[in-house]
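Heads up, structure_26.cif below (mmCIF, C-alpha atoms):
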data_protein
#
loop_
_atom_site.label_atom_id
_atom_site.label_comp_id
_atom_site.auth_asym_id
_atom_site.auth_seq_id
_atom_site.Cartn_x
_atom_site.Cartn_y
_atom_site.Cartn_z
CA MET A 1 0.00 0.00 0.00
CA VAL A 2 1.32 3.42 -1.02
CA CYS A 3 0.06 6.70 0.40
CA ALA A 4 1.36 9.71 -1.53
CA LEU A 5 1.06 13.48 -1.16
CA GLY A 6 1.38 15.46 -4.40
CA ILE A 7 2.11 19.15 -4.99
CA GLU A 8 1.17 20.79 -8.31
CA GLY A 9 2.06 24.40 -9.09
CA SER A 10 3.27 24.63 -12.68
CA ALA A 11 0.95 27.46 -13.74
CA ASN A 12 -1.76 29.58 -12.09
CA LYS A 13 -3.14 26.79 -9.90
CA ILE A 14 -1.59 25.47 -6.71
CA GLY A 15 -2.97 22.14 -5.56
CA ILE A 16 -2.29 19.44 -2.98
CA GLY A 17 -3.63 15.93 -3.31
CA ILE A 18 -3.38 12.75 -1.26
CA ILE A 19 -4.07 9.30 -2.65
CA LYS A 20 -3.79 5.82 -1.14
CA ASP A 21 -3.80 2.79 -3.44
CA GLY A 22 -6.01 4.54 -5.99
CA GLU A 23 -8.42 5.92 -3.39
CA VAL A 24 -8.79 9.71 -3.40
CA LEU A 25 -8.34 11.04 0.12
CA ALA A 26 -7.87 14.78 -0.53
CA ASN A 27 -7.82 17.16 -3.49
CA VAL A 28 -7.58 20.85 -2.58
CA ARG A 29 -6.68 23.70 -4.92
CA ARG A 30 -6.44 27.49 -5.27
CA THR A 31 -6.36 29.52 -8.49
CA TYR A 32 -4.57 32.79 -9.13
CA ILE A 33 -7.13 34.92 -11.02
CA THR A 34 -6.16 38.15 -12.75
CA PRO A 35 -8.44 40.99 -13.96
CA PRO A 36 -10.14 40.71 -17.40
CA GLY A 37 -7.75 41.37 -20.26
CA GLU A 38 -4.68 40.34 -18.27
CA GLY A 39 -2.70 37.11 -18.13
CA PHE A 40 -0.76 35.76 -15.17
CA LEU A 41 2.92 36.60 -14.79
CA PRO A 42 5.42 34.16 -13.23
CA LYS A 43 6.51 36.42 -10.36
CA GLU A 44 2.98 37.29 -9.19
CA THR A 45 1.81 33.70 -9.66
CA ALA A 46 4.66 32.39 -7.50
CA LYS A 47 3.77 34.93 -4.80
CA HIS A 48 0.18 33.65 -4.80
CA HIS A 49 1.39 30.06 -4.50
CA ARG A 50 3.75 30.89 -1.61
CA GLU A 51 0.90 32.47 0.32
CA ALA A 52 -1.48 29.55 -0.24
CA ILE A 53 0.61 26.37 -0.21
CA LEU A 54 1.15 25.75 3.51
CA GLY A 55 -2.54 26.24 4.25
CA LEU A 56 -3.38 23.77 1.48
CA VAL A 57 -0.97 21.17 2.87
CA LYS A 58 -2.68 21.42 6.27
CA ALA A 59 -6.13 21.34 4.67
CA SER A 60 -5.28 18.22 2.64
CA LEU A 61 -4.04 16.33 5.69
CA LYS A 62 -7.17 17.34 7.59
CA GLU A 63 -9.45 16.29 4.72
CA ALA A 64 -7.65 12.95 4.42
CA GLN A 65 -7.67 12.51 8.21
CA LEU A 66 -3.98 11.63 8.12
CA LYS A 67 -0.78 12.67 9.85
CA PRO A 68 2.62 13.09 8.16
CA VAL A 69 3.74 9.74 9.59
CA ASP A 70 1.02 8.03 7.50
CA LEU A 71 2.56 9.17 4.20
CA ASP A 72 4.97 7.02 2.20
CA VAL A 73 6.27 9.52 -0.36
CA ILE A 74 6.19 13.25 -1.19
CA CYS A 75 5.73 14.10 -4.88
CA TYR A 76 5.97 17.42 -6.73
CA THR A 77 5.73 18.71 -10.30
CA LYS A 78 9.24 18.80 -11.74
CA GLY A 79 8.09 20.28 -15.06
CA PRO A 80 7.16 21.45 -17.60
CA GLY A 81 5.80 24.81 -16.49
CA MET A 82 6.77 28.31 -15.39
CA ALA A 83 9.94 28.31 -13.31
CA PRO A 84 8.97 30.58 -10.37
CA PRO A 85 5.68 28.77 -9.57
CA LEU A 86 7.36 25.39 -10.06
CA LEU A 87 10.07 26.36 -7.59
CA VAL A 88 7.48 27.08 -4.88
CA GLY A 89 6.21 23.51 -5.08
CA ALA A 90 9.71 22.01 -5.29
CA ILE A 91 11.05 23.92 -2.28
CA VAL A 92 8.08 22.99 -0.11
CA ALA A 93 8.30 19.36 -1.26
CA ARG A 94 12.02 19.19 -0.41
CA THR A 95 11.37 20.77 2.97
CA LEU A 96 8.55 18.37 3.83
CA SER A 97 10.65 15.42 2.65
CA LEU A 98 13.47 16.36 5.01
CA LEU A 99 11.19 17.43 7.86
CA TRP A 100 9.03 14.30 7.75
CA GLU A 101 11.85 11.97 6.62
CA LYS A 102 9.97 10.76 3.56
CA PRO A 103 11.25 9.85 0.05
CA LEU A 104 10.89 12.55 -2.60
CA LEU A 105 9.90 12.14 -6.28
CA GLY A 106 9.68 14.68 -9.10
CA VAL A 107 6.81 14.01 -11.52
CA ASN A 108 6.33 15.01 -15.15
CA HIS A 109 3.21 17.20 -15.31
CA CYS A 110 1.95 15.60 -18.53
CA ILE A 111 2.39 12.07 -17.16
CA GLY A 112 0.39 13.13 -14.11
CA HIS A 113 -2.55 14.13 -16.31
CA ILE A 114 -2.43 10.87 -18.27
CA GLU A 115 -2.22 8.56 -15.26
CA MET A 116 -4.96 10.46 -13.43
CA GLY A 117 -7.21 10.17 -16.47
CA ARG A 118 -6.55 6.44 -16.76
CA LEU A 119 -7.32 5.92 -13.07
CA ILE A 120 -10.57 7.88 -13.00
CA THR A 121 -12.02 6.65 -16.32
CA GLY A 122 -10.70 3.10 -16.38
CA ALA A 123 -9.32 3.52 -19.91
CA GLN A 124 -6.87 0.71 -20.65
CA ASN A 125 -4.59 1.76 -23.49
CA PRO A 126 -6.12 4.82 -25.15
CA ILE A 127 -4.89 7.39 -27.62
CA VAL A 128 -4.41 10.41 -25.35
CA LEU A 129 -5.27 13.96 -26.40
CA TYR A 130 -3.50 16.22 -23.94
CA VAL A 131 -4.81 19.79 -24.26
CA SER A 132 -4.02 22.58 -21.83
CA GLY A 133 -2.76 26.15 -21.59
CA GLY A 134 0.82 25.11 -22.18
CA ASN A 135 0.60 21.82 -24.08
CA THR A 136 -1.15 20.24 -27.05
CA GLN A 137 -0.12 16.66 -27.82
CA VAL A 138 -1.54 13.44 -29.26
CA ILE A 139 0.07 10.57 -27.36
CA ALA A 140 0.10 6.77 -27.47
CA TYR A 141 1.84 4.31 -25.13
CA SER A 142 4.45 1.90 -26.48
CA ASN A 143 7.35 0.05 -24.85
CA GLN A 144 7.32 1.91 -21.52
CA ARG A 145 7.13 5.37 -23.10
CA TYR A 146 4.27 7.73 -23.86
CA ARG A 147 5.08 8.49 -27.50
CA ILE A 148 4.12 11.85 -29.01
CA PHE A 149 2.41 11.30 -32.38
CA GLY A 150 1.52 14.93 -33.01
CA GLU A 151 1.67 18.30 -31.28
CA THR A 152 1.38 22.03 -31.74
CA ILE A 153 4.23 23.64 -33.63
CA ASP A 154 3.70 27.03 -31.98
CA ILE A 155 1.26 27.90 -29.17
CA ALA A 156 -0.93 25.49 -27.21
CA VAL A 157 -4.68 25.33 -27.78
CA GLY A 158 -5.39 26.61 -24.26
CA ASN A 159 -3.03 29.52 -24.79
CA CYS A 160 -4.88 30.37 -28.01
CA LEU A 161 -8.21 30.44 -26.17
CA ASP A 162 -6.80 32.39 -23.21
CA ARG A 163 -5.23 35.05 -25.42
CA PHE A 164 -8.41 35.52 -27.42
CA ALA A 165 -10.38 35.84 -24.18
CA ARG A 166 -8.02 38.66 -23.19
CA ILE A 167 -8.60 40.44 -26.52
CA ILE A 168 -12.37 40.51 -25.99
CA LYS A 169 -11.97 41.24 -22.25
CA LEU A 170 -13.65 38.11 -20.92
CA SER A 171 -13.38 37.35 -17.20
CA ASN A 172 -10.63 35.03 -16.00
CA ASP A 173 -12.98 33.67 -13.32
CA PRO A 174 -13.18 30.68 -13.18
CA SER A 175 -11.10 30.49 -16.38
CA PRO A 176 -10.97 32.22 -19.79
CA GLY A 177 -11.60 28.97 -21.66
CA TYR A 178 -14.72 28.23 -19.64
CA ASN A 179 -16.13 31.68 -20.38
CA ILE A 180 -15.40 31.29 -24.11
CA GLU A 181 -17.26 27.96 -23.99
CA GLN A 182 -20.34 29.55 -22.38
CA LEU A 183 -20.35 32.44 -24.86
CA ALA A 184 -19.99 30.04 -27.81
CA LYS A 185 -23.23 28.31 -26.77
CA GLN A 186 -25.10 31.53 -27.63
CA SER A 187 -24.30 31.33 -31.36
CA THR A 188 -24.48 28.96 -34.33
CA ARG A 189 -23.07 31.41 -36.88
CA TYR A 190 -19.86 29.96 -38.25
CA ILE A 191 -17.15 32.26 -39.56
CA LYS A 192 -14.57 30.57 -41.77
CA LEU A 193 -11.15 30.69 -40.10
CA PRO A 194 -7.75 29.30 -41.14
CA TYR A 195 -7.55 25.53 -40.63
CA VAL A 196 -3.92 24.53 -40.08
CA VAL A 197 -3.09 20.84 -39.84
CA LYS A 198 0.37 19.80 -40.98
CA GLY A 199 0.53 16.01 -41.02
CA MET A 200 0.08 15.07 -37.38
CA ASP A 201 0.88 18.56 -36.09
CA VAL A 202 -1.30 21.64 -35.66
CA SER A 203 -0.73 25.40 -35.58
CA PHE A 204 -2.84 27.95 -33.71
CA SER A 205 -0.89 31.23 -33.88
CA GLY A 206 -2.17 32.21 -37.35
CA ILE A 207 -5.76 31.43 -36.39
CA LEU A 208 -5.37 33.64 -33.33
CA SER A 209 -3.98 36.56 -35.36
CA TYR A 210 -6.79 36.22 -37.91
CA ILE A 211 -9.61 36.16 -35.37
CA GLU A 212 -8.04 39.01 -33.39
CA ASP A 213 -8.36 41.16 -36.51
CA LEU A 214 -12.03 40.20 -36.78
CA ALA A 215 -12.62 41.06 -33.13
CA GLU A 216 -10.86 44.43 -33.43
CA PRO A 217 -11.00 45.53 -37.09
CA GLY A 218 -9.15 48.79 -36.42
CA ARG A 219 -6.36 47.15 -34.43
CA ARG A 220 -4.15 46.60 -37.42
CA GLN A 221 -4.70 48.14 -40.85
CA ASN A 222 -4.73 45.71 -43.76
CA LYS A 223 -1.76 46.62 -45.95
CA ARG A 224 -3.49 45.40 -49.09
CA LYS A 225 -6.48 47.69 -48.74
CA LYS A 226 -6.92 51.31 -47.99
CA GLN A 227 -8.60 51.75 -44.66
CA GLN A 228 -11.75 53.28 -46.20
CA GLU A 229 -12.07 50.31 -48.57
CA ALA A 230 -11.67 47.62 -45.93
CA GLU A 231 -14.74 45.44 -45.56
CA VAL A 232 -16.07 45.57 -42.03
CA ILE A 233 -18.54 42.87 -40.97
CA ASP A 234 -20.26 42.97 -37.62
CA TYR A 235 -19.49 39.76 -35.75
CA SER A 236 -20.68 39.25 -32.19
CA GLN A 237 -18.35 37.92 -29.52
CA ALA A 238 -20.50 34.78 -29.40
CA ASP A 239 -20.03 34.27 -33.18
CA LEU A 240 -16.28 34.54 -32.81
CA CYS A 241 -16.08 32.20 -29.81
CA TYR A 242 -18.28 29.63 -31.53
CA SER A 243 -16.22 29.74 -34.74
CA LEU A 244 -12.90 29.55 -32.92
CA GLN A 245 -13.99 26.50 -30.93
CA GLU A 246 -15.43 24.70 -33.94
CA THR A 247 -12.28 25.24 -36.00
CA ILE A 248 -9.57 24.36 -33.49
CA PHE A 249 -11.51 21.42 -32.04
CA ALA A 250 -12.05 19.99 -35.54
CA MET A 251 -8.28 20.13 -36.03
CA LEU A 252 -7.74 18.21 -32.80
CA VAL A 253 -10.34 15.60 -33.72
CA GLU A 254 -8.65 15.07 -37.09
CA ILE A 255 -5.18 14.34 -35.74
CA THR A 256 -6.59 12.20 -32.93
CA GLU A 257 -8.52 10.07 -35.42
CA ARG A 258 -5.41 9.66 -37.52
CA ALA A 259 -3.50 8.41 -34.47
CA MET A 260 -6.33 5.95 -33.70
CA ALA A 261 -6.11 4.55 -37.23
CA HIS A 262 -2.33 4.25 -37.08
CA CYS A 263 -2.32 2.45 -33.72
CA GLY A 264 -5.46 0.40 -34.26
CA SER A 265 -6.92 1.82 -31.05
CA ASN A 266 -10.62 2.15 -30.22
CA GLU A 267 -10.20 4.36 -27.14
CA VAL A 268 -9.55 8.08 -26.74
CA LEU A 269 -8.76 9.78 -23.44
CA ILE A 270 -8.88 13.58 -23.21
CA VAL A 271 -6.79 15.13 -20.42
CA GLY A 272 -5.68 18.64 -19.51
CA GLY A 273 -7.64 21.77 -18.65
CA VAL A 274 -9.17 22.23 -22.12
CA GLY A 275 -10.43 18.65 -21.85
CA CYS A 276 -13.24 19.95 -19.62
CA ASN A 277 -14.82 21.64 -22.65
CA GLU A 278 -18.12 19.93 -23.36
CA ARG A 279 -18.09 20.83 -27.06
CA LEU A 280 -14.66 19.26 -27.55
CA GLN A 281 -15.89 16.13 -25.75
CA GLU A 282 -19.02 16.06 -27.93
CA MET A 283 -17.07 16.35 -31.20
CA MET A 284 -14.58 13.70 -30.10
CA ARG A 285 -17.36 11.37 -28.95
CA ILE A 286 -19.06 11.59 -32.35
CA MET A 287 -15.82 10.68 -34.10
CA CYS A 288 -15.18 7.75 -31.73
CA GLU A 289 -18.70 6.35 -32.13
CA GLU A 290 -18.42 6.54 -35.92
CA ARG A 291 -15.30 4.37 -35.63
CA GLY A 292 -16.90 1.98 -33.14
CA GLY A 293 -14.69 3.37 -30.38
CA LYS A 294 -15.23 5.02 -27.01
CA LEU A 295 -14.33 8.38 -25.50
CA PHE A 296 -13.05 8.74 -21.95
CA ALA A 297 -12.99 12.14 -20.25
CA THR A 298 -13.13 13.61 -16.75
CA ASP A 299 -14.67 16.68 -15.14
CA GLU A 300 -12.96 19.79 -13.77
CA ARG A 301 -11.90 18.05 -10.54
CA TYR A 302 -9.35 15.99 -12.46
CA CYS A 303 -8.96 17.71 -15.86
CA ILE A 304 -7.73 21.00 -14.43
CA ASP A 305 -4.27 21.00 -12.83
CA ASN A 306 -4.42 19.39 -9.39
CA GLY A 307 -2.12 17.90 -6.79
CA LEU A 308 -3.92 14.58 -6.86
CA MET A 309 -2.61 13.71 -10.33
CA ILE A 310 0.95 14.32 -9.13
CA ALA A 311 0.34 12.18 -6.06
CA HIS A 312 -1.06 9.32 -8.15
CA ALA A 313 1.71 9.37 -10.80
CA GLY A 314 4.30 9.63 -8.01
CA ALA A 315 2.73 6.69 -6.19
CA GLU A 316 2.97 4.60 -9.37
CA MET A 317 6.63 5.55 -9.74
CA PHE A 318 7.31 4.77 -6.08
CA ARG A 319 5.58 1.39 -6.31
CA SER A 320 7.72 0.46 -9.33
CA GLY A 321 10.92 1.20 -7.38
CA THR A 322 11.78 4.64 -8.78
CA LYS A 323 14.07 6.66 -6.51
CA MET A 324 15.35 10.23 -6.71
CA PRO A 325 18.27 11.64 -4.69
CA LEU A 326 17.75 15.04 -3.12
CA GLU A 327 20.31 16.69 -5.40
CA ASP A 328 18.09 15.81 -8.38
CA ALA A 329 15.07 17.54 -6.84
CA PHE A 330 15.19 20.53 -9.18
CA VAL A 331 12.63 21.89 -11.69
CA THR A 332 12.77 22.26 -15.45
CA GLN A 333 10.57 24.36 -17.70
CA ARG A 334 11.07 21.91 -20.57
CA PHE A 335 10.30 18.29 -19.74
CA ARG A 336 8.81 16.32 -22.62
CA THR A 337 6.30 13.54 -22.10
CA ASP A 338 8.39 10.98 -23.98
CA GLU A 339 11.47 11.57 -21.81
CA VAL A 340 9.95 9.59 -18.92
CA LEU A 341 10.49 5.84 -18.54
CA VAL A 342 7.06 4.47 -17.66
CA SER A 343 8.44 1.78 -15.36
CA TRP A 344 5.08 0.97 -13.76
CA ARG A 345 3.54 -0.32 -17.01
CA GLU A 346 4.50 -3.66 -18.57
CA ASP A 347 1.83 -3.89 -21.30
#
Final structure tokens representation of the file:
Amino acid sequence: MVCALGIEGSANKIGIGIIKDGEVLANVRRTYITPPGEGFLPKETAKHHREAILGLVKASLKEAQLKPVDLDVICYTKGPGMAPPLLVGAIVARTLSLLWEKPLLGVNHCIGHIEMGRLITGAQNPIVLYVSGGNTQVIAYSNQRYRIFGETIDIAVGNCLDRFARIIKLSNDPSPGYNIEQLAKQSTRYIKLPYVVKGMDVSFSGILSYIEDLAEPGRRQNKRKKQQEAEVIDYSQADLCYSLQETIFAMLVEITERAMAHCGSNEVLIVGGVGCNERLQEMMRIMCEERGGKLFATDERYCIDNGLMIAHAGAEMFRSGTKMPLEDAFVTQRFRTDEVLVSWRED
């Protein structure tokens, strides 16, 4: 039996989770929310995490009805992510490890999402679509590695949504992507946007630039037309949100289906913060059913960054015999999914 405490703080959420042999004992989280039109900066985000993390550790132990002596291992997000927020989690994890005399393990953030999704949904060996503010990857497991079949070649899908939300001044509470999703439900008017799929990879930066010009026609003068000749069409914010979602989600469905065909898989698992989007789940479910497959997805408790996913992935690593000396307990902003040896899987 392994009881693990996990610390996640790679972006604007700081979370602590405790899990024991697959049973969720605690999952507490705080989000750093900025005013509409603003993103979150590393320095201010780290300050928020520093102020919240010790209270969350105490709250998680209270919720789990455990004491430090009951824990077997302390786990933290090693990367990828923003360095200052990551450091907050790593420093607290190292301190707790020394203070409580417990082993310490650094966990890949992406692996945490995948393993949490597999645990909650029961998916066996799915094609994984990992979509968040910092990552967009299509992944399949093979020979103790999570192999990346396709990914974004510029910005992540969540970053595209977040940046567009800032342009149209949507609230960041509870998240920009959620508010885009709600606004998109108010329209069915589709505006044709660039559709950029390059083999198994996708690109979102050009789509973002194009739709920004539609949202703010006067923001940047078209060099090919005189300003007085430029065609101005009145699009509502709902029209733009609906069209953006339909376009970028169709791109993701396409590359996911291609990976399913290549691997002969009939399962898809969506993980990451954008995976909460009901329209993305609906589009992916339609594709899966047409292929005789099945979609697996989770709700915001497990899709959005949380400490529980780090605890669970760390527990799997610990159970398989993985060890990490204290001098290796650093953080890295670049830590690819396929760098990790998945020692706990033999299939």
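Within 6 Å of the point (-1.4, 21.1, -27.2), and counting only C-alpha atoms, the protein, DNA and RNA residues are A:Val131, A:Asn135, A:Thr136, A:Gln137, A:Glu151, A:Thr152, A:Ala156, A:Val157.
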Given the selection you just returned, output its residues as a file containing C-alpha atoms, formatted as a PDB file, in the frame of the given file.
ATOM      1  CA  VAL A 131      -4.810  19.790 -24.260  1.00  0.00           C
ATOM      2  CA  ASN A 135       0.600  21.820 -24.080  1.00  0.00           C
ATOM      3  CA  THR A 136      -1.150  20.240 -27.050  1.00  0.00           C
ATOM      4  CA  GLN A 137      -0.120  16.660 -27.820  1.00  0.00           C
ATOM      5  CA  GLU A 151       1.670  18.300 -31.280  1.00  0.00           C
ATOM      6  CA  THR A 152       1.380  22.030 -31.740  1.00  0.00           C
ATOM      7  CA  ALA A 156      -0.930  25.490 -27.210  1.00  0.00           C
ATOM      8  CA  VAL A 157      -4.680  25.330 -27.780  1.00  0.00           C
TER       9      VAL A 157
END
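Counting all atoms listed in the file, the residue from A:Gly321, A:Gly307, A:Pro174, A:Gly81 that sits nearest to Gly15 of chain A is A:Gly307.
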task: List, as a PyMOL selection string, every residue that the PyMOL selection byres ((chain A and resi 54-61) around 8) selects in the file provided.
output: chain A and resi 15-18+26-29+50-53+62-68
message: Once the PyMOL selection byres ((chain A and resi 201) around 6) has been evaluated on this model, what residues remain selected, and can you format them as a VMD selection string?
response: chain A and resid 150 to 152 197 to 200 202
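Between atom CA of Gly112 of chain A and atom CA of Gln333 of chain A the interatomic distance comes to 15.6 Å.
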Which residues are close to segment 310-319 of chain A, i.e. within 10 Å by all atoms listed in the file, leaving aside same-chain residues fewer than 2 positions away? Reply as a tab-separated table (two decimals) with C-alpha atoms, keeping the file's coordinate frame.
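Printed below is out07.tsv as written:
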chain	number	residue	atom	x	y	z
A	1	MET	CA	0.00	0.00	0.00
A	2	VAL	CA	1.32	3.42	-1.02
A	3	CYS	CA	0.06	6.70	0.40
A	4	ALA	CA	1.36	9.71	-1.53
A	5	LEU	CA	1.06	13.48	-1.16
A	6	GLY	CA	1.38	15.46	-4.40
A	7	ILE	CA	2.11	19.15	-4.99
A	8	GLU	CA	1.17	20.79	-8.31
A	15	GLY	CA	-2.97	22.14	-5.56
A	16	ILE	CA	-2.29	19.44	-2.98
A	17	GLY	CA	-3.63	15.93	-3.31
A	18	ILE	CA	-3.38	12.75	-1.26
A	19	ILE	CA	-4.07	9.30	-2.65
A	20	LYS	CA	-3.79	5.82	-1.14
A	21	ASP	CA	-3.80	2.79	-3.44
A	22	GLY	CA	-6.01	4.54	-5.99
A	23	GLU	CA	-8.42	5.92	-3.39
A	24	VAL	CA	-8.79	9.71	-3.40
A	27	ASN	CA	-7.82	17.16	-3.49
A	72	ASP	CA	4.97	7.02	2.20
A	73	VAL	CA	6.27	9.52	-0.36
A	74	ILE	CA	6.19	13.25	-1.19
A	75	CYS	CA	5.73	14.10	-4.88
A	76	TYR	CA	5.97	17.42	-6.73
A	77	THR	CA	5.73	18.71	-10.30
A	78	LYS	CA	9.24	18.80	-11.74
A	103	PRO	CA	11.25	9.85	0.05
A	104	LEU	CA	10.89	12.55	-2.60
A	105	LEU	CA	9.90	12.14	-6.28
A	106	GLY	CA	9.68	14.68	-9.10
A	107	VAL	CA	6.81	14.01	-11.52
A	108	ASN	CA	6.33	15.01	-15.15
A	109	HIS	CA	3.21	17.20	-15.31
A	110	CYS	CA	1.95	15.60	-18.53
A	111	ILE	CA	2.39	12.07	-17.16
A	112	GLY	CA	0.39	13.13	-14.11
A	113	HIS	CA	-2.55	14.13	-16.31
A	114	ILE	CA	-2.43	10.87	-18.27
A	115	GLU	CA	-2.22	8.56	-15.26
A	116	MET	CA	-4.96	10.46	-13.43
A	119	LEU	CA	-7.32	5.92	-13.07
A	305	ASP	CA	-4.27	21.00	-12.83
A	306	ASN	CA	-4.42	19.39	-9.39
A	307	GLY	CA	-2.12	17.90	-6.79
A	308	LEU	CA	-3.92	14.58	-6.86
A	321	GLY	CA	10.92	1.20	-7.38
A	322	THR	CA	11.78	4.64	-8.78
A	323	LYS	CA	14.07	6.66	-6.51
A	324	MET	CA	15.35	10.23	-6.71
A	341	LEU	CA	10.49	5.84	-18.54
A	342	VAL	CA	7.06	4.47	-17.66
A	343	SER	CA	8.44	1.78	-15.36
A	344	TRP	CA	5.08	0.97	-13.76
A	345	ARG	CA	3.54	-0.32	-17.01
field: Pick from A:Phe164, A:Tyr146, A:Phe249, A:Tyr302, whichever lies nearest to Pro176 of chain A using only C-alpha atoms
entry: A:Phe164
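This file, filtered with the PyMOL selection byres ((chain A and resi 241) around 10), gives the residues Leu161, Phe164, Ala165, Ile168, Gly177, Asn179, Ile180, Glu181, Gln182, Leu183, Ala184, Lys185, Gln186, Ser187, Arg189, Tyr190, Ile191, Ile211, Ser236, Gln237, Ala238, Asp239, Leu240, Tyr242, Ser243, Leu244, Gln245 and Glu246 of chain A.
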